[in-house]
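Okay, upload10.pdb now, which holds PDB, C-alpha atoms:
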ATOM      1  CA  MET M 268      17.070  63.294  46.561
ATOM      2  CA  LYS M 269      19.740  60.785  45.514
ATOM      3  CA  ASN M 270      17.833  58.067  47.331
ATOM      4  CA  TYR M 271      14.617  59.129  45.593
ATOM      5  CA  LEU M 272      16.363  59.006  42.198
ATOM      6  CA  LYS M 273      17.880  55.601  42.933
ATOM      7  CA  LEU M 274      14.483  54.350  44.101
ATOM      8  CA  SER M 275      12.796  55.665  40.939
ATOM      9  CA  ILE M 276      15.380  54.000  38.690
ATOM     10  CA  LEU M 277      15.056  50.771  40.627
ATOM     11  CA  MET M 278      11.236  50.887  40.350
ATOM     12  CA  LEU M 279      11.485  51.565  36.626
ATOM     13  CA  ALA M 280      13.873  48.639  36.129
ATOM     14  CA  PHE M 281      11.617  46.376  38.216
ATOM     15  CA  THR M 282       8.553  47.418  36.202
ATOM     16  CA  GLY M 283      10.451  46.751  32.967
ATOM     17  CA  ILE M 284      11.372  43.278  34.138
ATOM     18  CA  LEU M 285       7.781  42.514  35.132
ATOM     19  CA  VAL M 286       6.411  43.656  31.796
ATOM     20  CA  SER M 287       8.958  41.703  29.808
ATOM     21  CA  CYS M 288       8.554  38.483  31.831
ATOM     22  CA  GLY M 289       4.829  38.208  32.294
ATOM     23  CA  GLY M 290       2.974  40.984  30.706
ATOM     24  CA  ASP M 291       0.533  40.655  27.848
ATOM     25  CA  ASN M 292      -0.197  37.025  26.944
ATOM     26  CA  LYS M 293      -2.145  38.006  23.835
ATOM     27  CA  LYS M 294       1.047  38.628  21.879
ATOM     28  CA  GLU M 295       2.391  35.204  22.850
ATOM     29  CA  GLU M 296      -0.927  33.533  21.960
ATOM     30  CA  LYS M 297      -0.834  35.137  18.541
ATOM     31  CA  LYS M 298       2.698  33.883  18.015
ATOM     32  CA  GLU M 299       1.698  30.407  19.100
ATOM     33  CA  LYS M 300      -1.316  30.390  16.817
ATOM     34  CA  ILE M 301       0.805  31.441  13.875
ATOM     35  CA  THR M 302       3.353  28.787  14.672
ATOM     36  CA  LEU M 303       0.680  26.107  15.116
ATOM     37  CA  ASN M 304      -1.043  27.037  11.880
ATOM     38  CA  GLN M 305       2.219  26.763   9.992
ATOM     39  CA  ALA M 306       3.079  23.443  11.601
ATOM     40  CA  GLU M 307      -0.322  21.764  11.071
ATOM     41  CA  PRO M 308      -0.072  18.772   8.753
ATOM     42  CA  VAL M 309      -1.986  18.810   5.517
ATOM     43  CA  LYS M 310      -5.189  16.889   6.020
ATOM     44  CA  LYS M 311      -5.672  13.983   3.655
ATOM     45  CA  GLU M 312      -9.148  13.003   2.673
ATOM     46  CA  LYS M 313     -10.076   9.536   3.813
ATOM     47  CA  LYS M 314     -11.058   7.299   0.955
ATOM     48  CA  THR M 315     -14.156   5.525   2.100
ATOM     49  CA  ASN M 316     -15.787   2.723   0.176
ATOM     50  CA  LYS M 317     -12.464   1.932  -1.503
ATOM     51  CA  VAL M 318     -12.460  -1.601  -2.830
ATOM     52  CA  PRO M 319      -9.454  -3.593  -1.586
ATOM     53  CA  ALA M 320      -6.989  -4.527  -4.315
ATOM     54  CA  SER M 321      -7.731  -8.235  -3.828
ATOM     55  CA  LYS M 322     -11.417  -7.631  -4.657
ATOM     56  CA  ARG M 323     -10.869  -5.033  -7.383
ATOM     57  CA  VAL M 324     -11.726  -6.117 -10.922
ATOM     58  CA  ASP M 325      -9.258  -5.049 -13.636
ATOM     59  CA  LEU M 326      -9.389  -7.299 -16.684
ATOM     60  CA  ASP M 327      -7.689  -4.791 -19.012
ATOM     61  CA  ASN M 328      -4.393  -4.619 -17.092
ATOM     62  CA  LYS M 329      -1.876  -7.091 -18.502
ATOM     63  CA  GLY M 330       0.799  -6.232 -15.955
ATOM     64  CA  VAL M 331       4.493  -5.965 -16.753
ATOM     65  CA  GLY M 332       6.686  -8.892 -17.632
ATOM     66  CA  PRO M 333       7.328 -11.383 -20.381
ATOM     67  CA  ILE M 334       3.673 -12.145 -21.211
ATOM     68  CA  THR M 335       2.061  -9.522 -23.424
ATOM     69  CA  SER M 336      -0.711 -11.576 -24.998
ATOM     70  CA  LEU M 337      -2.402 -14.841 -24.095
ATOM     71  CA  ASP M 338      -5.521 -16.378 -25.583
ATOM     72  CA  LEU M 339      -7.184 -19.030 -23.473
ATOM     73  CA  PRO M 340      -9.184 -21.706 -25.263
ATOM     74  CA  ALA M 341     -12.811 -22.119 -24.220
ATOM     75  CA  ASP M 342     -12.219 -25.660 -22.949
ATOM     76  CA  ILE M 343      -9.947 -26.340 -19.996
ATOM     77  CA  ASP M 344      -7.038 -28.659 -20.701
ATOM     78  CA  GLN M 345      -7.465 -31.123 -17.831
ATOM     79  CA  ALA M 346      -3.994 -32.681 -18.213
ATOM     80  CA  MET M 347      -2.380 -29.217 -18.087
ATOM     81  CA  ALA M 348      -4.554 -28.262 -15.097
ATOM     82  CA  ALA M 349      -3.478 -31.438 -13.251
ATOM     83  CA  LYS M 350       0.187 -30.540 -13.790
ATOM     84  CA  GLY M 351      -0.606 -26.998 -12.681
ATOM     85  CA  LYS M 352      -2.201 -28.311  -9.495
ATOM     86  CA  GLU M 353       1.004 -30.255  -8.737
ATOM     87  CA  VAL M 354       3.150 -27.166  -9.296
ATOM     88  CA  TYR M 355       0.763 -25.034  -7.200
ATOM     89  CA  GLU M 356       0.764 -27.515  -4.304
ATOM     90  CA  LYS M 357       4.547 -27.783  -4.399
ATOM     91  CA  MET M 358       5.463 -24.109  -4.878
ATOM     92  CA  CYS M 359       2.544 -21.912  -3.792
ATOM     93  CA  THR M 360       0.675 -23.347  -0.801
ATOM     94  CA  ALA M 361       3.112 -21.930   1.742
ATOM     95  CA  CYS M 362       1.552 -18.510   1.052
ATOM     96  CA  HIS M 363      -1.711 -19.152  -0.831
ATOM     97  CA  LYS M 364      -4.826 -21.086   0.125
ATOM     98  CA  VAL M 365      -7.167 -21.935  -2.739
ATOM     99  CA  ASP M 366     -10.310 -20.303  -1.421
ATOM    100  CA  LYS M 367      -9.299 -18.030   1.445
ATOM    101  CA  ARG M 368      -6.971 -15.189   2.226
ATOM    102  CA  PHE M 369      -3.670 -16.246   3.749
ATOM    103  CA  ILE M 370      -0.234 -14.619   3.442
ATOM    104  CA  GLY M 371      -1.220 -13.931  -0.169
ATOM    105  CA  PRO M 372      -4.604 -13.714  -1.891
ATOM    106  CA  ALA M 373      -6.686 -16.756  -2.772
ATOM    107  CA  PRO M 374      -6.450 -17.803  -6.420
ATOM    108  CA  LYS M 375     -10.069 -18.976  -6.595
ATOM    109  CA  GLY M 376     -11.899 -16.710  -9.026
ATOM    110  CA  ILE M 377      -8.712 -14.815  -9.941
ATOM    111  CA  LEU M 378      -9.547 -14.876 -13.668
ATOM    112  CA  GLU M 379     -12.805 -13.068 -12.911
ATOM    113  CA  ARG M 380     -10.735 -10.165 -11.538
ATOM    114  CA  ARG M 381      -7.439 -10.273 -13.493
ATOM    115  CA  SER M 382      -6.376 -10.846 -17.066
ATOM    116  CA  PRO M 383      -4.521 -14.112 -17.803
ATOM    117  CA  GLU M 384      -1.480 -12.049 -18.814
ATOM    118  CA  TRP M 385      -1.489 -10.231 -15.452
ATOM    119  CA  VAL M 386      -1.633 -13.544 -13.551
ATOM    120  CA  MET M 387       1.178 -15.034 -15.617
ATOM    121  CA  ASN M 388       3.354 -11.934 -15.197
ATOM    122  CA  MET M 389       2.735 -11.963 -11.433
ATOM    123  CA  ILE M 390       3.866 -15.599 -11.293
ATOM    124  CA  LEU M 391       6.890 -15.079 -13.552
ATOM    125  CA  ALA M 392       8.070 -11.592 -12.533
ATOM    126  CA  PRO M 393       6.644 -10.657  -9.105
ATOM    127  CA  GLU M 394       9.494  -8.266  -8.273
ATOM    128  CA  ARG M 395       8.979  -6.244 -11.449
ATOM    129  CA  MET M 396       5.204  -6.306 -11.034
ATOM    130  CA  VAL M 397       5.453  -4.874  -7.506
ATOM    131  CA  ARG M 398       7.819  -2.149  -8.733
ATOM    132  CA  GLU M 399       5.906  -1.140 -11.853
ATOM    133  CA  ASP M 400       2.283  -2.310 -11.732
ATOM    134  CA  PRO M 401      -0.091  -0.148  -9.640
ATOM    135  CA  LEU M 402      -2.415  -3.044  -8.805
ATOM    136  CA  ALA M 403       0.472  -5.244  -7.668
ATOM    137  CA  LYS M 404       1.704  -2.358  -5.499
ATOM    138  CA  ASP M 405      -1.751  -2.072  -3.906
ATOM    139  CA  LEU M 406      -1.812  -5.816  -3.245
ATOM    140  CA  LEU M 407       1.578  -5.581  -1.562
ATOM    141  CA  ILE M 408       0.198  -2.914   0.769
ATOM    142  CA  GLU M 409      -3.025  -4.848   1.412
ATOM    143  CA  PHE M 410      -1.076  -7.984   2.308
ATOM    144  CA  ASN M 411       1.098  -6.189   4.866
ATOM    145  CA  GLY M 412       4.132  -5.709   2.661
ATOM    146  CA  SER M 413       4.612  -9.434   2.072
ATOM    147  CA  PRO M 414       6.003  -9.618  -1.465
ATOM    148  CA  MET M 415       5.330 -12.650  -3.597
ATOM    149  CA  ALA M 416       8.449 -14.761  -3.868
ATOM    150  CA  ASN M 417       9.740 -15.532  -7.324
ATOM    151  CA  GLN M 418       9.630 -19.317  -7.491
ATOM    152  CA  GLY M 419      11.602 -19.446 -10.739
ATOM    153  CA  LEU M 420       8.816 -21.142 -12.666
ATOM    154  CA  THR M 421       9.133 -21.528 -16.418
ATOM    155  CA  GLU M 422       6.494 -20.034 -18.700
ATOM    156  CA  GLU M 423       5.175 -23.563 -19.266
ATOM    157  CA  GLU M 424       4.809 -24.181 -15.506
ATOM    158  CA  ALA M 425       3.176 -20.789 -14.990
ATOM    159  CA  ARG M 426       0.742 -21.578 -17.814
ATOM    160  CA  GLN M 427      -0.056 -24.911 -16.146
ATOM    161  CA  VAL M 428      -0.769 -23.126 -12.854
ATOM    162  CA  LEU M 429      -3.004 -20.661 -14.716
ATOM    163  CA  GLU M 430      -4.901 -23.583 -16.251
ATOM    164  CA  TYR M 431      -5.342 -25.044 -12.755
ATOM    165  CA  PHE M 432      -6.718 -21.689 -11.571
ATOM    166  CA  ARG M 433      -9.369 -21.983 -14.297
ATOM    167  CA  THR M 434     -10.682 -25.132 -12.569
ATOM    168  CA  LEU M 435     -11.148 -23.517  -9.154
TER
END

Would you mind writing the file's structure down as structure tokens?
Amino acid sequence: MKNYLKLSILMLAFTGILVSCGGDNKKEEKKEKITLNQAEPVKKEKKTNKVPASKRVDLDNKGVGPITSLDLPADIDQAMAAKGKEVYEKMCTACHKVDKRFIGPAPKGILERRSPEWVMNMILAPERMVREDPLAKDLLIEFNGSPMANQGLTEEEARQVLEYFRTL
């Protein structure tokens, strides 16, 4: 009888171990599903047909920096543009090509997409523009995080470069 009792207790313990170790997988699956559902990342909608910042037209944005207003005369000042071309070739061609994308965007046609104030502020205060101007931030992302270097140009030199851009 003692052996029968010991055998019964042993069988009960063995059955308990089996049930706790293997047993019903449905409970574990439910736990896993709950855990997976909680851990799933929030899906972000893909923005298709988004125009790259370099192609986006925004003539109302004046940017942030020292230039708040700038009226361009109808006629291009050729002497100023010639000086601007010299400054551009000396200070800008390491990163910009006139008519094609390089490290930075091409300036050709820039005044069809940006206000003169925005262009001047980007030349004079690129660090501030990238921090505070949404379009400049988008350009930074589009051009692989390569920020525009502040070349320390004066307002006069920046205006000359802008006049050169009008000739492109």

message: Taking only C-alpha atoms into account, name the residue in M:Pro393, M:Pro333, M:Pro374, M:Pro401 that is nearest to Met415 (chain M).
response: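 Between M:Pro393, M:Pro333, M:Pro374, M:Pro401, the residue approaching Met415 (chain M) most closely is M:Pro393.
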
field: Nearest residue to Glu422 (chain M) from the set M:Glu353, M:Ile334, M:Glu379, M:Trp385 (distances using all atoms listed in the file)
entry: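 Answer, going by the shortest atom-to-atom distance: M:Ile334.
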
message: Around the point (-13.0, -26.7, -2.5) (coordinates from the file), which residues reach within 10 Å if we count only C-alpha atoms? Answer as a ChimeraX atom specification.
response: /M:365-366,375,435

task: Might you spell out which residues the PyMOL selection byres ((chain M and resi 376) around 12) would select in the displayed file, as an MDAnalysis selection string?
output: chainID M and resid 321:324 365:367 372:375 377:383 386 429 431:435

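In this structure, CA of Asn388 (chain M) sits 22.2 Å away from CA of Asp342 (chain M).
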
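Here CA of Thr335 (chain M) stands at a distance of 23.8 Å from CA of Lys352 (chain M).
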
query: Written as a list in words, what is the full residue list that the PyMOL selection byres ((chain M and resi 329) around 6) yields on the file shown?
result: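 For this structure, the PyMOL selection byres ((chain M and resi 329) around 6) captures Asn328, Gly330, Glu384 and Trp385 of chain M.
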
Writing out the chosen residues with C-alpha atoms as a CSV table (one decimal), in the frame of the given file:
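Below is the file that was written, result.csv:
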chain,number,residue,atom,x,y,z
M,328,ASN,CA,-4.4,-4.6,-17.1
M,330,GLY,CA,0.8,-6.2,-16.0
M,384,GLU,CA,-1.5,-12.0,-18.8
M,385,TRP,CA,-1.5,-10.2,-15.5

Can you turn the PyMOL selection byres ((chain M and resi 405-413) around 9) into a concrete residue list for this file, as an mmCIF file with C-alpha atoms, in the coordinates of the input?
data_model
loop_
_atom_site.group_PDB
_atom_site.id
_atom_site.type_symbol
_atom_site.label_atom_id
_atom_site.label_comp_id
_atom_site.auth_asym_id
_atom_site.auth_seq_id
_atom_site.Cartn_x
_atom_site.Cartn_y
_atom_site.Cartn_z
ATOM 1 C CA PRO M 319 -9.454 -3.593 -1.586
ATOM 2 C CA ALA M 320 -6.989 -4.527 -4.315
ATOM 3 C CA SER M 321 -7.731 -8.235 -3.828
ATOM 4 C CA PHE M 369 -3.670 -16.246 3.749
ATOM 5 C CA ILE M 370 -0.234 -14.619 3.442
ATOM 6 C CA GLY M 371 -1.220 -13.931 -0.169
ATOM 7 C CA PRO M 372 -4.604 -13.714 -1.891
ATOM 8 C CA VAL M 397 5.453 -4.874 -7.506
ATOM 9 C CA ASP M 400 2.283 -2.310 -11.732
ATOM 10 C CA PRO M 401 -0.091 -0.148 -9.640
ATOM 11 C CA LEU M 402 -2.415 -3.044 -8.805
ATOM 12 C CA ALA M 403 0.472 -5.244 -7.668
ATOM 13 C CA LYS M 404 1.704 -2.358 -5.499
ATOM 14 C CA PRO M 414 6.003 -9.618 -1.465
ATOM 15 C CA MET M 415 5.330 -12.650 -3.597
ATOM 16 C CA ALA M 416 8.449 -14.761 -3.868
#

message: Report, in Å to a single decimal, how far apart CA of Leu339 (chain M) and CA of Arg398 (chain M) are.
response: 27.0 Å

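Proximity to Tyr355 (chain M) was assessed for M:Arg368, M:Asp325, M:Ala392, M:Val428 counting all atoms listed in the file; the smallest distance is recorded for M:Val428.
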
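Shortest separation to Met396 (chain M) among M:Ala361, M:Ala341, M:Val331, M:Leu326 occurs at residue M:Val331, atoms counted being all atoms listed in the file.
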
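When all atoms listed in the file are used to measure the gap to Gln427 (chain M), the shortest distance among M:Arg395, M:Lys350, M:Lys357, M:Lys317 belongs to M:Lys350.
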
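For the set M:Val354, M:Asp327, M:Met387, M:Glu394, the residue with the smallest atom-to-atom gap to Arg426 (chain M) is M:Met387, counting only C-alpha atoms.
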
Listed atoms of region 425-433 of chain M boxed along x, y and z, 6 Å each side, centre and edge lengths in Å, one decimal, as AutoDock Vina command-line options:
--center_x -3.1 --center_y -22.9 --center_z -14.7 --size_x 24.5 --size_y 16.4 --size_z 18.2
